[in-house]
Amino acid sequence: MSAPAPGPVRLGVTWWGHASTTVELGGVRVALDPLLAGRLVHLRRRTPLPPADAALADVVLVSHLHLDHCHLPSLRRFAADVPVVVPRGGERLLADLGDRLLGVGPGETHRVGGVDVEVLAATHDGRRHPWARERPPALGFRVTGPATGATSGATSGATAPAPASFWFPGDTGLREDMREVAPVDLALAPVGGWGPSLGEEHMDPDEAAEAVRRVGARWAVPVHWGTFWPVGLERVDRATHHRLFVTPGRRFADALARAGSARPVLASPAERIVL
């Protein structure tokens, strides 16, 4: 069985780098796209390796099958009783994880691991690689945690706080249907990448801020930046490294401030933040 979370809270977040994040919802830990390695093909981690507790969770959500989001060695580090939600069509790739796999598609809602998971569409190539036969969709998620009791010290009859919620769009371009996603407490917004370009299937900091505005959130943490970078590219293209690796978090925070929407939270890797 997985170990208990340290001091269960209504809403907490730990960013491990890249898209890998653990969100705590009323004591339930939701791990997103875990990539806990120091190197991946030509990419090298430029932040400290996540500690062992990065592989503690009650449910794991995988947005798509690309190597930097569906990393098999990292997924195998989670306890054998932890359910893993994957895009439908990706089950064969992950067959060694056993019957804890749950394949899902856009438009569905599932109760898994103690939370409600609304599955969203994403504008991104969901295949494992460009030559793969299987074409599972790329996904986003809106997740609602369990109901919590009245806050400590509340008077008798006080209304209990609403369950905490978060939105993680996965890798995607900006979408009109983001306006249809119900507002959340926390948005995890991908804002950068590992170069040499982002393309139309990722969001830059300004697009990510607009996505958060469309959904509506109290807090927003920028992810998918400042972690991995191709070996050698920094030396030959410093401008791209600065634009896609160094500055996306701050530029996202500035764009949110201009929009007057969510409050930005610039997390350091492995920092647990209680909101």
# chains A, B, ... in the order shown; residues from 1 in each chain; ligands from 1
call {"tool": "residues_around", "arguments": {"residues": "A:Arg111", "least_positions_apart": "4", "cutoff": "10 Å", "atoms": "only C-alpha atoms", "output": "list of chain:residue names"}}
result
A:Val115, A:Asp116, A:Val117, A:Glu118, A:Val143, A:Thr144, A:Gly145
call {"tool": "write_last_selection", "arguments": {"atoms": "N, CA, C and O atoms", "output": "mmCIF file, in the first residue's frame"}}
result
data_model
loop_
_atom_site.group_PDB
_atom_site.id
_atom_site.type_symbol
_atom_site.label_atom_id
_atom_site.label_comp_id
_atom_site.auth_asym_id
_atom_site.auth_seq_id
_atom_site.Cartn_x
_atom_site.Cartn_y
_atom_site.Cartn_z
ATOM 1 N N VAL A 115 -10.869 10.342 -6.302
ATOM 2 C CA VAL A 115 -11.153 11.644 -6.908
ATOM 3 C C VAL A 115 -12.013 11.442 -8.153
ATOM 4 O O VAL A 115 -12.091 10.340 -8.719
ATOM 5 N N ASP A 116 -12.665 12.516 -8.589
ATOM 6 C CA ASP A 116 -13.450 12.499 -9.827
ATOM 7 C C ASP A 116 -12.612 13.116 -10.937
ATOM 8 O O ASP A 116 -12.144 14.266 -10.813
ATOM 9 N N VAL A 117 -12.426 12.373 -12.015
ATOM 10 C CA VAL A 117 -11.562 12.785 -13.118
ATOM 11 C C VAL A 117 -12.410 13.019 -14.359
ATOM 12 O O VAL A 117 -13.002 12.089 -14.911
ATOM 13 N N GLU A 118 -12.499 14.275 -14.784
ATOM 14 C CA GLU A 118 -13.148 14.629 -16.035
ATOM 15 C C GLU A 118 -12.080 14.652 -17.122
ATOM 16 O O GLU A 118 -11.085 15.361 -17.008
ATOM 17 N N VAL A 143 -9.888 17.653 -12.286
ATOM 18 C CA VAL A 143 -9.980 16.694 -11.180
ATOM 19 C C VAL A 143 -10.576 17.378 -9.957
ATOM 20 O O VAL A 143 -10.170 18.483 -9.588
ATOM 21 N N THR A 144 -11.541 16.710 -9.340
ATOM 22 C CA THR A 144 -12.174 17.197 -8.109
ATOM 23 C C THR A 144 -11.895 16.213 -6.997
ATOM 24 O O THR A 144 -12.088 15.000 -7.153
ATOM 25 N N GLY A 145 -11.461 16.723 -5.862
ATOM 26 C CA GLY A 145 -11.114 15.884 -4.734
ATOM 27 C C GLY A 145 -12.311 15.474 -3.905
ATOM 28 O O GLY A 145 -13.459 15.858 -4.191
#
call {"tool": "residues_around", "arguments": {"residues": "A:Gly27", "least_positions_apart": "3", "cutoff": "7 Å", "atoms": "only C-alpha atoms", "output": "list in words"}}
result
Ala5, Pro8, Val9, Arg10 and Glu24 of chain A
call {"tool": "write_last_selection", "arguments": {"atoms": "all heavy atoms", "output": "mmCIF file, in the first residue's frame"}}
result
data_model
loop_
_atom_site.group_PDB
_atom_site.id
_atom_site.type_symbol
_atom_site.label_atom_id
_atom_site.label_comp_id
_atom_site.auth_asym_id
_atom_site.auth_seq_id
_atom_site.Cartn_x
_atom_site.Cartn_y
_atom_site.Cartn_z
ATOM 1 N N ALA A 5 0.035 10.641 2.949
ATOM 2 C CA ALA A 5 0.592 11.953 2.613
ATOM 3 C C ALA A 5 0.973 12.674 3.890
ATOM 4 O O ALA A 5 0.348 12.506 4.931
ATOM 5 C CB ALA A 5 -0.432 12.774 1.828
ATOM 6 N N PRO A 8 -2.278 15.761 5.597
ATOM 7 C CA PRO A 8 -3.282 15.984 4.546
ATOM 8 C C PRO A 8 -3.849 17.395 4.583
ATOM 9 O O PRO A 8 -4.151 17.938 5.647
ATOM 10 C CB PRO A 8 -4.353 14.940 4.863
ATOM 11 C CG PRO A 8 -3.629 13.855 5.578
ATOM 12 C CD PRO A 8 -2.581 14.554 6.389
ATOM 13 N N VAL A 9 -3.984 18.001 3.414
ATOM 14 C CA VAL A 9 -4.485 19.367 3.289
ATOM 15 C C VAL A 9 -5.581 19.384 2.236
ATOM 16 O O VAL A 9 -5.727 18.459 1.435
ATOM 17 C CB VAL A 9 -3.356 20.336 2.879
ATOM 18 C CG1 VAL A 9 -2.297 20.410 3.974
ATOM 19 C CG2 VAL A 9 -2.721 19.923 1.556
ATOM 20 N N ARG A 10 -6.387 20.462 2.253
ATOM 21 C CA ARG A 10 -7.432 20.583 1.232
ATOM 22 C C ARG A 10 -6.827 20.670 -0.159
ATOM 23 O O ARG A 10 -7.292 20.020 -1.093
ATOM 24 C CB ARG A 10 -8.296 21.818 1.501
ATOM 25 C CG ARG A 10 -9.380 22.030 0.438
ATOM 26 C CD ARG A 10 -10.243 23.243 0.745
ATOM 27 N NE ARG A 10 -11.239 23.433 -0.302
ATOM 28 C CZ ARG A 10 -11.027 24.159 -1.408
ATOM 29 N NH1 ARG A 10 -9.861 24.764 -1.589
ATOM 30 N NH2 ARG A 10 -11.966 24.272 -2.316
ATOM 31 N N GLU A 24 -2.289 17.434 -4.097
ATOM 32 C CA GLU A 24 -2.983 16.847 -2.948
ATOM 33 C C GLU A 24 -4.364 17.475 -2.837
ATOM 34 O O GLU A 24 -4.498 18.701 -2.777
ATOM 35 C CB GLU A 24 -2.194 17.105 -1.668
ATOM 36 C CG GLU A 24 -0.793 16.523 -1.675
ATOM 37 C CD GLU A 24 0.028 17.031 -0.509
ATOM 38 O OE1 GLU A 24 -0.464 16.998 0.642
ATOM 39 O OE2 GLU A 24 1.157 17.493 -0.752
#
call {"tool": "select_by_dssp", "arguments": {"residues": "stretch 192-260 of chain A", "states": "strand (DSSP E)", "output": "PyMOL selection string"}}
result
chain A and resi 217-223+228-230
call {"tool": "write_last_selection", "arguments": {"atoms": "N, CA, C and O atoms", "output": "PDB file, in the first residue's frame"}}
result
ATOM      1  N   ALA A 217      -9.413  30.168 -12.575  1.00  0.00           N
ATOM      2  CA  ALA A 217      -8.712  29.488 -11.487  1.00  0.00           C
ATOM      3  C   ALA A 217      -8.315  30.508 -10.434  1.00  0.00           C
ATOM      4  O   ALA A 217      -8.130  31.687 -10.734  1.00  0.00           O
ATOM      5  N   ARG A 218      -8.173  30.051  -9.194  1.00  0.00           N
ATOM      6  CA  ARG A 218      -7.705  30.936  -8.124  1.00  0.00           C
ATOM      7  C   ARG A 218      -6.186  31.069  -8.173  1.00  0.00           C
ATOM      8  O   ARG A 218      -5.638  32.142  -7.944  1.00  0.00           O
ATOM      9  N   TRP A 219      -5.510  29.962  -8.413  1.00  0.00           N
ATOM     10  CA  TRP A 219      -4.053  29.935  -8.478  1.00  0.00           C
ATOM     11  C   TRP A 219      -3.633  29.226  -9.758  1.00  0.00           C
ATOM     12  O   TRP A 219      -4.361  28.368 -10.280  1.00  0.00           O
ATOM     13  N   ALA A 220      -2.449  29.560 -10.243  1.00  0.00           N
ATOM     14  CA  ALA A 220      -1.919  28.907 -11.438  1.00  0.00           C
ATOM     15  C   ALA A 220      -0.422  28.683 -11.263  1.00  0.00           C
ATOM     16  O   ALA A 220       0.327  29.610 -10.929  1.00  0.00           O
ATOM     17  N   VAL A 221      -0.001  27.438 -11.478  1.00  0.00           N
ATOM     18  CA  VAL A 221       1.413  27.060 -11.401  1.00  0.00           C
ATOM     19  C   VAL A 221       1.907  26.759 -12.808  1.00  0.00           C
ATOM     20  O   VAL A 221       1.333  25.891 -13.492  1.00  0.00           O
ATOM     21  N   PRO A 222       2.945  27.435 -13.297  1.00  0.00           N
ATOM     22  CA  PRO A 222       3.501  27.095 -14.610  1.00  0.00           C
ATOM     23  C   PRO A 222       4.327  25.815 -14.538  1.00  0.00           C
ATOM     24  O   PRO A 222       5.137  25.633 -13.623  1.00  0.00           O
ATOM     25  N   VAL A 223       4.103  24.922 -15.485  1.00  0.00           N
ATOM     26  CA  VAL A 223       4.845  23.660 -15.562  1.00  0.00           C
ATOM     27  C   VAL A 223       5.382  23.502 -16.984  1.00  0.00           C
ATOM     28  O   VAL A 223       5.160  24.332 -17.841  1.00  0.00           O
ATOM     29  N   PHE A 228      14.297  20.063 -18.481  1.00  0.00           N
ATOM     30  CA  PHE A 228      15.100  19.303 -19.429  1.00  0.00           C
ATOM     31  C   PHE A 228      15.514  20.189 -20.605  1.00  0.00           C
ATOM     32  O   PHE A 228      14.743  21.046 -21.051  1.00  0.00           O
ATOM     33  N   TRP A 229      16.708  19.930 -21.103  1.00  0.00           N
ATOM     34  CA  TRP A 229      17.199  20.654 -22.270  1.00  0.00           C
ATOM     35  C   TRP A 229      18.120  19.728 -23.073  1.00  0.00           C
ATOM     36  O   TRP A 229      18.858  18.931 -22.483  1.00  0.00           O
ATOM     37  N   PRO A 230      18.058  19.801 -24.408  1.00  0.00           N
ATOM     38  CA  PRO A 230      18.908  18.932 -25.223  1.00  0.00           C
ATOM     39  C   PRO A 230      20.399  19.171 -24.960  1.00  0.00           C
ATOM     40  O   PRO A 230      20.845  20.311 -24.817  1.00  0.00           O
TER      41      PRO A 230
END
call {"tool": "atom_distance", "arguments": {"atom1": "atom CA of A:Gly89", "atom2": "atom CA of A:Leu188"}}
result
24.9 Å
call {"tool": "closest_residue", "arguments": {"among": "A:Gly26, A:Arg251, A:Pro196, A:Ala267", "to": "A:Asp237", "atoms": "only C-alpha atoms"}}
result
A:Pro196
call {"tool": "atom_distance", "arguments": {"atom1": "atom CA of A:Ala164", "atom2": "atom CA of A:Glu91"}}
result
29.2 Å
call {"tool": "residues_around", "arguments": {"residues": "A:Leu36", "least_positions_apart": "2", "cutoff": "7 Å", "atoms": "only C-alpha atoms", "output": "PyMOL selection string"}}
result
chain A and resi 34+38+49-50+74
call {"tool": "residues_around", "arguments": {"residues": "A:Gly199", "least_positions_apart": "6", "cutoff": "12 Å", "atoms": "only C-alpha atoms", "output": "ChimeraX atom specification"}}
result
/A:123-125,171-174,192-193,244
call {"tool": "residues_around", "arguments": {"residues": "A:Val181", "least_positions_apart": "5", "cutoff": "10 Å", "atoms": "only C-alpha atoms", "output": "PyMOL selection string"}}
result
chain A and resi 118+120+141-142+167+214-216
call {"tool": "residues_around", "arguments": {"residues": "A:Leu67", "least_positions_apart": "4", "cutoff": "8 Å", "atoms": "only C-alpha atoms", "output": "compact mmCIF listing (two decimals) with N, CA and C atoms, in the first residue's frame"}}
result
# COMPACT_ATOMS: atom_id res chain seq x y z
N LEU A 40 16.81 11.61 -20.56
CA LEU A 40 15.85 10.96 -21.44
C LEU A 40 16.32 11.18 -22.88
N HIS A 71 6.61 7.86 -19.06
CA HIS A 71 7.95 7.30 -18.86
C HIS A 71 7.83 6.01 -18.07
N ARG A 128 2.80 7.40 -29.51
CA ARG A 128 4.08 7.21 -28.84
C ARG A 128 5.21 7.84 -29.64
call {"tool": "closest_residue", "arguments": {"among": "A:Arg175, A:Ala147, A:Leu198, A:Thr227", "to": "A:Arg39", "atoms": "only C-alpha atoms"}}
result
A:Thr227
